[in-house]
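Report on the following structure.
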There are 4 protein chains.
Amino acid sequence: MPDKLAALRQELTLANRILANEGILDAFGHVSVRHPDDPGRFLLSRHRAPELVEVSDILEFTLDAEPAKPTNLRLYGERVIHSEIYAARPDVIAVCHHHAPAVLPYCVAKKPLVPVYHMGATMGWPVPYWDARDDFGDTSLLVTRPQEGRSLARALAKSWSVLMGRHGATVAATSLRELVFRTIYTNKNAEMQTQAHLLGHVERLSDKEIELASAYNLRPGPMERAWDYWVRQLEKMDAATGGAARRPVSKPVSKPVSKPASKPASKPASKPAWKKPAKHAKTSRAGKRKAKR
Amino acid sequence: MPDKLAALRQELTLANRILANEGILDAFGHVSVRHPDDPGRFLLSRHRAPELVEVSDILEFTLDAEPAKPTNLRLYGERVIHSEIYAARPDVIAVCHHHAPAVLPYCVAKKPLVPVYHMGATMGWPVPYWDARDDFGDTSLLVTRPQEGRSLARALAKSWSVLMGRHGATVAATSLRELVFRTIYTNKNAEMQTQAHLLGHVERLSDKEIELASAYNLRPGPMERAWDYWVRQLEKMDAATGGAARRPVSKPVSKPVSKPASKPASKPASKPAWKKPAKHAKTSRAGKRKAKR
Amino acid sequence: MPDKLAALRQELTLANRILANEGILDAFGHVSVRHPDDPGRFLLSRHRAPELVEVSDILEFTLDAEPAKPTNLRLYGERVIHSEIYAARPDVIAVCHHHAPAVLPYCVAKKPLVPVYHMGATMGWPVPYWDARDDFGDTSLLVTRPQEGRSLARALAKSWSVLMGRHGATVAATSLRELVFRTIYTNKNAEMQTQAHLLGHVERLSDKEIELASAYNLRPGPMERAWDYWVRQLEKMDAATGGAARRPVSKPVSKPVSKPASKPASKPASKPAWKKPAKHAKTSRAGKRKAKR
Amino acid sequence: MPDKLAALRQELTLANRILANEGILDAFGHVSVRHPDDPGRFLLSRHRAPELVEVSDILEFTLDAEPAKPTNLRLYGERVIHSEIYAARPDVIAVCHHHAPAVLPYCVAKKPLVPVYHMGATMGWPVPYWDARDDFGDTSLLVTRPQEGRSLARALAKSWSVLMGRHGATVAATSLRELVFRTIYTNKNAEMQTQAHLLGHVERLSDKEIELASAYNLRPGPMERAWDYWVRQLEKMDAATGGAARRPVSKPVSKPVSKPASKPASKPASKPAWKKPAKHAKTSRAGKRKAKR
């Protein structure tokens, strides 16, 4: 069903660009969707800022976080966030990892993010807090190894969002549009919660209110209305910039001119620091995995 | 007087777009105006993000919140906010429901919003706080049933703005321009109040200052000056985007590609959760009302 | 010297538009400059949002705040802010009245605004706090009568900025460029002060640091560098919007369609509330003054 | 190797414009890079707002902060920030001095800026706090004399960022791209830290986490991805504004029309205040230095 796959790659590109245009993603973060015909695969861009992602950047990956076809392209380092959640949660169809400005403070303050208005109910409840320190001690905080991805997926459990200590958040959904909706309104909810906290009181929705409001908002009507709105914002931006945001990068990335003569500022050991074995490393499902980057 | 009605539909479209362009409305919220010749009817867009509303989207509704002419178009779920306020308040000509970012925290913190500068006096005073919980227990927080709209209208009483717990706010006015003015400056007042609170003290206007400042600001001069300014901001946006924001959506909304194979994440009961009877449901004026969405 | 006057009107127009483009002014606020050849007169726009001001809107006023030539144009209601400061302070060449978002909270919280970084030193020191209540009891807070303007000018004394309780601020300078510089950096200073306050400590500049930093920044070099930067921001905005922000409004302002059938929401007495005599009204220098608006 | 130098001047121009476009620099602040072939020289723009810097504005300076070739162009007053850091730190290749809005409050509140998320780890650790008062008593806070630059460089020590009391921050790096990356993410880290502080708790990265995360992020992959993203933002801005931001300023800066008739507001002594000898002035390496501006 090649047409369906092509449409999905287009929709994934759009999801990347919407989340960048709405200020959720900057140069970093990534968005994926499960393969429509093969639940053992998912689609994810090669290593690029989400706003710059084009349809041709979308690659297929297995649940070992390896590209389905060999490639020399540079890949995101945190693919296991996606692969391990798809492996652990058959009901999950789309995943986003981000460092959104209103959510991140909750990942630093270790304070619970709670639904404070009806739109925020869509983030799901509860929102667990995962800290790489608990299972792995000191790390780069990047989730690059399968056991780290699995630990994160365990923390997510049956929820739809998980906060990652001193790092960001990961969001799951049953479709790409639900993912975009949940991610954007979770960030807005966080903004509102912080402001209410500063005013002196945070009244959260009751469990039943969360259930009812989330069900109401995630129907096709509200989701299409919001999707149309975000697509229009993208169209406006493209029109304003003459499509500059969509210009294909056909030539290789420009190389830096200014660079240190000798060695980088923080001297990595012979084995790079970010590849050192974690304290409590567990058995990798992909022992054969190449340390690609 | 068809010309007058056409001009009013144009002005309502403009009010929708101004409130979106000024950051009060995003994909959600809605704006209405009472019919100029029939106080038993009001004008409101079909179900669309306010920024995307076009003149042809404006429909007429009765005070039962039903479309005056049968339609297959998708309609806003919260039409009763408008209909019940028009029914209860003959002096109200225009209504806006929103989740504006500076006002919403007051709906979460349950702290009174007070006029803190002369422009803020135009929000009216006092600003009551309505909580769906009080009359209806746990709901989706959406105001979709006539009795909910009536309860909200009772809370609004003779005021011009009402805060809705964990949801947003509703604003009333004696004209569309007054509505836009009041809504925007209420949001600015909330910003200022929050910042003053953080500085350690909130000095509100005296009751007499509120009355005098509000009367001063709501004269035609200041209101036209502000309206011209907001229209110019829209014109600039349209010019910058080559009118992309105004492109008619002639084709049906694009359908989602990525969607769950089986059933949604939160499993609604056979009767959808958001349609369950409220705990304290009261007699509906529109027993015949179809649950349109 | 007509060329000089024409150039000054152009510069005043630019000052209006820069302060709007930098977010200091919205639909309200105003900027004036003293007449270069007649210290008893000053230039100020007719009643318009500052961003929309064109050279042809600039009118001459006497120090009685009356137009030098009779006009039917609508005028700003708060002209006495300008006239009374020019009357009281021969060294003042330019005046701005604004409700800038970072400064206004200090006018609500009654907390002193202090220079917290070298650029903030240009706001002058100290920054007095004036409250219309002290001399006039309950008013609309608008400064529309000569005695109110004089009271404000007395509060300003020899300073360069004055906070106005529950209203805004007024800034004076020895040139238009200094005025723009001072106004913008006072607002930035306020932002920084608020954030530092939230972090738990505000270390202000010493009196000598204020004197030295202010003298350094207000030399021609830094002021031209900043002016060029703000002009470039305007040029970019004009380029992006195809000059929409500069389109002359040749036709009269569009009239509102939606309006109340009978009378405004807050019923003014036969004599409008905002024109009622103040409690402690003092002798007016301009007994002949017509209550123009 | 003239091509290399031309490319570096181009890259420095880009770094200036990126840091302006990302909101780190406004009319003030400056960015430099060490000469690729002569470690005793560095490249820095003439006195202009960073966003307006063009390749032809880039001049060469010696480590005495003097232009390598005599020039009549106006120069930045704080060149010694750059020269003294290059003199003290052979490993530093690029330097930025700024007053970024999220970082500055830490320079006022005297609170430590700490890495709170993996991206913030790139600011380096620790971030020392330098106060001109300690060595020089009351000054204009501007760092214009060699001994002030040396004092600042001593405070920076082996770190990569230094906060400057009531003034701003200075950032060093081993390349221009690392400099841009570090500066932008230090500002984002400060935003997040402030928000977390307001939520009631700041959990910082452990020393080992800082080391690992910084090493991970400063590899070529992430840095190129971010650089491409920031360049794209510039391209979009240029496209939207028809290149207005790049229009050469061929004619001299427009002269102010409005200016004081007699003397500036704060009367400088016969010897300008900002040139008075500091209390604890130390021997200048460049006794021959002309007080250029």
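For the structure tokens, the naming scheme is as follows: chains receive sequential letters (A, B, ...) according to their order of presentation, residues are indexed from 1 within each chain, and ligands are indexed from 1 in presentation order.
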Could I get the residues of chain B with an atom no further than 6 Å from an atom of chain C, each paired with its nearest atom pair and that distance in Å to one decimal, using only C-alpha atoms, sorted by chain and residue number, as a Markdown table?
```
| residue | atom | partner | partner_atom | distance |
| --- | --- | --- | --- | --- |
| B:Leu8 | CA | C:Val257 | CA | 5.8 |
| B:Val116 | CA | C:Arg166 | CA | 5.7 |
| B:Tyr117 | CA | C:Arg166 | CA | 4.3 |
| B:His118 | CA | C:His167 | CA | 5.7 |
| B:Thr174 | CA | C:Pro260 | CA | 5.2 |
| B:Ser175 | CA | C:Lys259 | CA | 4.4 |
| B:Leu176 | CA | C:Ser258 | CA | 5.6 |
| B:Met192 | CA | C:Pro105 | CA | 5.4 |
| B:Gln195 | CA | C:Pro105 | CA | 5.7 |
| B:Ala196 | CA | C:Pro105 | CA | 4.7 |
| B:His201 | CA | C:Ala109 | CA | 4.6 |
| B:Val202 | CA | C:Ala109 | CA | 5.1 |
| B:Glu203 | CA | C:Val108 | CA | 5.4 |
| B:Glu209 | CA | C:Ser140 | CA | 5.3 |
| B:Leu212 | CA | C:Ser140 | CA | 4.5 |
| B:Ala213 | CA | C:Ser140 | CA | 4.0 |
| B:Tyr216 | CA | C:Trp274 | CA | 5.8 |
| B:Arg225 | CA | C:Arg48 | CA | 5.8 |
| B:Ala226 | CA | C:Ala27 | CA | 5.1 |
| B:Tyr229 | CA | C:Ala27 | CA | 5.7 |
| B:Lys236 | CA | C:Thr241 | CA | 5.2 |
| B:Ala239 | CA | C:Thr241 | CA | 4.9 |
| B:Ala240 | CA | C:Thr241 | CA | 4.4 |
```
Restrict the selected residues to N, CA and C atoms and save them as a JSON list (two decimals), in the first residue's frame.
```
[["chain", "number", "residue", "atom", "x", "y", "z"],
["B", 8, "LEU", "N", -22.43, 43.33, 9.33],
["B", 8, "LEU", "CA", -22.23, 42.77, 10.67],
["B", 8, "LEU", "C", -21.50, 41.43, 10.60],
["B", 116, "VAL", "N", -6.27, 46.68, 37.70],
["B", 116, "VAL", "CA", -5.07, 47.26, 38.31],
["B", 116, "VAL", "C", -4.55, 48.46, 37.54],
["B", 117, "TYR", "N", -5.13, 48.73, 36.37],
["B", 117, "TYR", "CA", -4.77, 49.98, 35.68],
["B", 117, "TYR", "C", -5.97, 50.47, 34.90],
["B", 118, "HIS", "N", -5.90, 51.72, 34.48],
["B", 118, "HIS", "CA", -7.10, 52.36, 33.91],
["B", 118, "HIS", "C", -7.67, 51.55, 32.73],
["B", 174, "THR", "N", -21.69, 45.41, 24.89],
["B", 174, "THR", "CA", -22.83, 46.02, 24.22],
["B", 174, "THR", "C", -22.58, 46.24, 22.73],
["B", 175, "SER", "N", -21.40, 45.84, 22.25],
["B", 175, "SER", "CA", -21.11, 45.88, 20.81],
["B", 175, "SER", "C", -19.90, 44.99, 20.56],
["B", 176, "LEU", "N", -19.65, 44.66, 19.29],
["B", 176, "LEU", "CA", -18.51, 43.82, 18.96],
["B", 176, "LEU", "C", -17.19, 44.51, 19.28],
["B", 192, "MET", "N", -0.53, 42.24, 33.97],
["B", 192, "MET", "CA", 0.00, 43.25, 34.87],
["B", 192, "MET", "C", -0.24, 42.87, 36.33],
["B", 195, "GLN", "N", 2.22, 40.18, 37.37],
["B", 195, "GLN", "CA", 3.56, 40.72, 37.60],
["B", 195, "GLN", "C", 3.61, 41.54, 38.89],
["B", 196, "ALA", "N", 2.58, 42.32, 39.14],
["B", 196, "ALA", "CA", 2.55, 43.12, 40.37],
["B", 196, "ALA", "C", 2.49, 42.19, 41.59],
["B", 201, "HIS", "N", 2.88, 43.27, 45.76],
["B", 201, "HIS", "CA", 1.71, 44.05, 46.16],
["B", 201, "HIS", "C", 0.84, 44.35, 44.95],
["B", 202, "VAL", "N", -0.47, 44.20, 45.12],
["B", 202, "VAL", "CA", -1.40, 44.54, 44.05],
["B", 202, "VAL", "C", -2.34, 45.64, 44.55],
["B", 203, "GLU", "N", -2.16, 46.83, 43.98],
["B", 203, "GLU", "CA", -3.03, 47.95, 44.36],
["B", 203, "GLU", "C", -4.12, 48.04, 43.30],
["B", 209, "GLU", "N", -12.85, 54.81, 40.74],
["B", 209, "GLU", "CA", -11.85, 54.87, 39.65],
["B", 209, "GLU", "C", -12.24, 53.90, 38.53],
["B", 212, "LEU", "N", -15.09, 55.49, 36.56],
["B", 212, "LEU", "CA", -14.67, 56.65, 35.75],
["B", 212, "LEU", "C", -13.76, 56.23, 34.60],
["B", 213, "ALA", "N", -12.82, 55.37, 34.88],
["B", 213, "ALA", "CA", -11.87, 54.97, 33.84],
["B", 213, "ALA", "C", -12.57, 54.15, 32.77],
["B", 216, "TYR", "N", -14.50, 56.43, 30.56],
["B", 216, "TYR", "CA", -13.60, 57.19, 29.70],
["B", 216, "TYR", "C", -13.14, 56.34, 28.51],
["B", 225, "ARG", "N", -9.75, 54.20, 17.99],
["B", 225, "ARG", "CA", -8.28, 54.23, 17.90],
["B", 225, "ARG", "C", -7.70, 52.82, 18.07],
["B", 226, "ALA", "N", -8.23, 52.09, 19.03],
["B", 226, "ALA", "CA", -7.73, 50.74, 19.27],
["B", 226, "ALA", "C", -8.14, 49.79, 18.14],
["B", 229, "TYR", "N", -6.00, 50.20, 15.22],
["B", 229, "TYR", "CA", -4.68, 49.62, 15.48],
["B", 229, "TYR", "C", -4.71, 48.11, 15.28],
["B", 236, "LYS", "N", -1.20, 43.97, 8.31],
["B", 236, "LYS", "CA", 0.23, 43.69, 8.20],
["B", 236, "LYS", "C", 0.47, 42.20, 8.08],
["B", 239, "ALA", "N", -0.56, 41.08, 4.70],
["B", 239, "ALA", "CA", 0.40, 41.51, 3.69],
["B", 239, "ALA", "C", 1.65, 40.64, 3.76],
["B", 240, "ALA", "N", 2.10, 40.35, 4.96],
["B", 240, "ALA", "CA", 3.33, 39.58, 5.11],
["B", 240, "ALA", "C", 3.18, 38.16, 4.59]]
```
Item to check | Per-residue DSSP, stretch 97-163 of chain C, filtered to alpha helix (DSSP H), as a list in words | outcome: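 Result set for stretch 97-163 of chain C (alpha helix (DSSP H)): Leu104, Pro105, Tyr106, Cys107, Val108, Ala109, Ala132, Arg133, Asp134, Asp135, Phe136, Pro146, Gln147, Glu148, Gly149, Arg150, Ser151, Leu152, Ala153, Arg154, Ala155 and Leu156 of chain C.
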Next on the checklist: For the structure I just gave you, how does DSSP split stretch 38-208 of chain B - specifically, which residues are strand (DSSP E)? Reply as a ChimeraX atom specification.
Outcome noted: /B:41-45,58-62,94-98,129-130,161-164,168-173
Next on the checklist: Give me the residues near B:Ser83 as a VMD selection string, where near means some atom within 9 Å (using only C-alpha atoms) and where sequence neighbours in that chain fewer than 3 positions away do not count.
Outcome noted: chain B and resid 40 to 42 61 to 65 79 to 80 86 to 88 146 149 to 150
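Omitting D:Val31 and its sequence neighbours fewer than 4 positions away, and counting only C-alpha atoms, the residues within 7 Å are D:Asn16, D:Leu44, D:Val95, D:Cys96, D:His97.
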Item to check | atom CA of B:His98 to atom CA of B:Ile184, straight-line distance in Å | outcome: 10.8 Å
Pick out the residues sitting within 8 Å of D:Gly120, and hand them over as an mmCIF file with all heavy atoms, in the first residue's frame; count only C-alpha atoms, and ignore anything fewer than 5 positions along from it in its own chain.
```cif
data_model
loop_
_atom_site.group_PDB
_atom_site.id
_atom_site.type_symbol
_atom_site.label_atom_id
_atom_site.label_comp_id
_atom_site.auth_asym_id
_atom_site.auth_seq_id
_atom_site.Cartn_x
_atom_site.Cartn_y
_atom_site.Cartn_z
ATOM 1 N N PRO D 115 24.042 24.363 35.554
ATOM 2 C CA PRO D 115 23.457 23.563 34.459
ATOM 3 C C PRO D 115 22.293 22.748 34.993
ATOM 4 O O PRO D 115 22.464 21.960 35.923
ATOM 5 C CB PRO D 115 24.606 22.645 34.017
ATOM 6 C CG PRO D 115 25.850 23.232 34.613
ATOM 7 C CD PRO D 115 25.416 23.926 35.865
ATOM 8 N N TYR D 185 22.534 28.210 24.353
ATOM 9 C CA TYR D 185 22.022 27.244 25.318
ATOM 10 C C TYR D 185 22.280 27.652 26.769
ATOM 11 O O TYR D 185 21.589 27.185 27.678
ATOM 12 C CB TYR D 185 22.501 25.834 24.999
ATOM 13 C CG TYR D 185 21.608 25.236 23.925
ATOM 14 C CD1 TYR D 185 22.019 25.106 22.606
ATOM 15 C CD2 TYR D 185 20.292 24.885 24.237
ATOM 16 C CE1 TYR D 185 21.155 24.617 21.625
ATOM 17 C CE2 TYR D 185 19.439 24.399 23.265
ATOM 18 C CZ TYR D 185 19.869 24.271 21.966
ATOM 19 O OH TYR D 185 19.005 23.801 21.009
ATOM 20 N N THR D 186 23.235 28.529 26.993
ATOM 21 C CA THR D 186 23.381 29.077 28.346
ATOM 22 C C THR D 186 22.170 29.947 28.667
ATOM 23 O O THR D 186 21.631 29.906 29.770
ATOM 24 C CB THR D 186 24.674 29.907 28.457
ATOM 25 O OG1 THR D 186 25.786 29.059 28.215
ATOM 26 C CG2 THR D 186 24.813 30.524 29.841
ATOM 27 N N LYS D 188 19.169 29.627 27.360
ATOM 28 C CA LYS D 188 18.010 28.740 27.561
ATOM 29 C C LYS D 188 18.083 28.062 28.924
ATOM 30 O O LYS D 188 17.072 27.884 29.603
ATOM 31 C CB LYS D 188 17.947 27.683 26.448
ATOM 32 C CG LYS D 188 17.622 28.279 25.085
ATOM 33 C CD LYS D 188 17.095 27.237 24.115
ATOM 34 C CE LYS D 188 16.764 27.918 22.784
ATOM 35 N NZ LYS D 188 15.920 27.126 21.913
ATOM 36 N N ASN D 189 19.290 27.665 29.304
ATOM 37 C CA ASN D 189 19.447 27.050 30.622
ATOM 38 C C ASN D 189 19.012 28.023 31.722
ATOM 39 O O ASN D 189 18.342 27.629 32.686
ATOM 40 C CB ASN D 189 20.910 26.650 30.822
ATOM 41 C CG ASN D 189 21.128 25.862 32.091
ATOM 42 O OD1 ASN D 189 20.985 24.643 32.121
ATOM 43 N ND2 ASN D 189 21.452 26.553 33.186
#
```
Next on the checklist: Could you check the closest approach to A:Asp91 for each of A:Ala190, A:Val33, A:Leu205, A:Ile210 and tell me which residue wins, using only C-alpha atoms?
Outcome noted: A:Val33
Checklist entry - In Å to one decimal, how far is atom CA of B:Trp230 from atom CA of C:Gly29? => result 15.0 Å
Checklist entry - atom CA of C:Ala100 and atom CA of C:Met123 are how many Å apart? => result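 One can read the atom CA of C:Ala100 to atom CA of C:Met123 distance as 13.9 Å.
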List the neighbours of D:Lys69 out to 9 Å using only C-alpha atoms; skip same-chain residues closer than 2 positions along the sequence, and give me the result as an mmCIF file with N, CA and C atoms, in the first residue's frame.
```
data_model
loop_
_atom_site.group_PDB
_atom_site.id
_atom_site.type_symbol
_atom_site.label_atom_id
_atom_site.label_comp_id
_atom_site.auth_asym_id
_atom_site.auth_seq_id
_atom_site.Cartn_x
_atom_site.Cartn_y
_atom_site.Cartn_z
ATOM 1 N N LEU D 59 37.267 44.066 11.349
ATOM 2 C CA LEU D 59 38.633 44.599 11.388
ATOM 3 C C LEU D 59 39.533 43.661 12.203
ATOM 4 N N GLU D 60 40.822 43.811 11.984
ATOM 5 C CA GLU D 60 41.787 43.056 12.791
ATOM 6 C C GLU D 60 42.296 43.898 13.945
ATOM 7 N N PHE D 61 42.451 43.258 15.087
ATOM 8 C CA PHE D 61 42.965 43.946 16.268
ATOM 9 C C PHE D 61 44.134 43.161 16.865
ATOM 10 N N GLU D 66 44.071 47.298 19.991
ATOM 11 C CA GLU D 66 44.173 48.364 18.998
ATOM 12 C C GLU D 66 43.992 47.780 17.605
ATOM 13 N N PRO D 67 43.434 48.568 16.681
ATOM 14 C CA PRO D 67 43.295 48.063 15.312
ATOM 15 C C PRO D 67 44.681 47.823 14.691
ATOM 16 N N THR D 71 42.719 53.363 11.664
ATOM 17 C CA THR D 71 41.377 53.535 11.087
ATOM 18 C C THR D 71 40.683 54.716 11.730
#
```
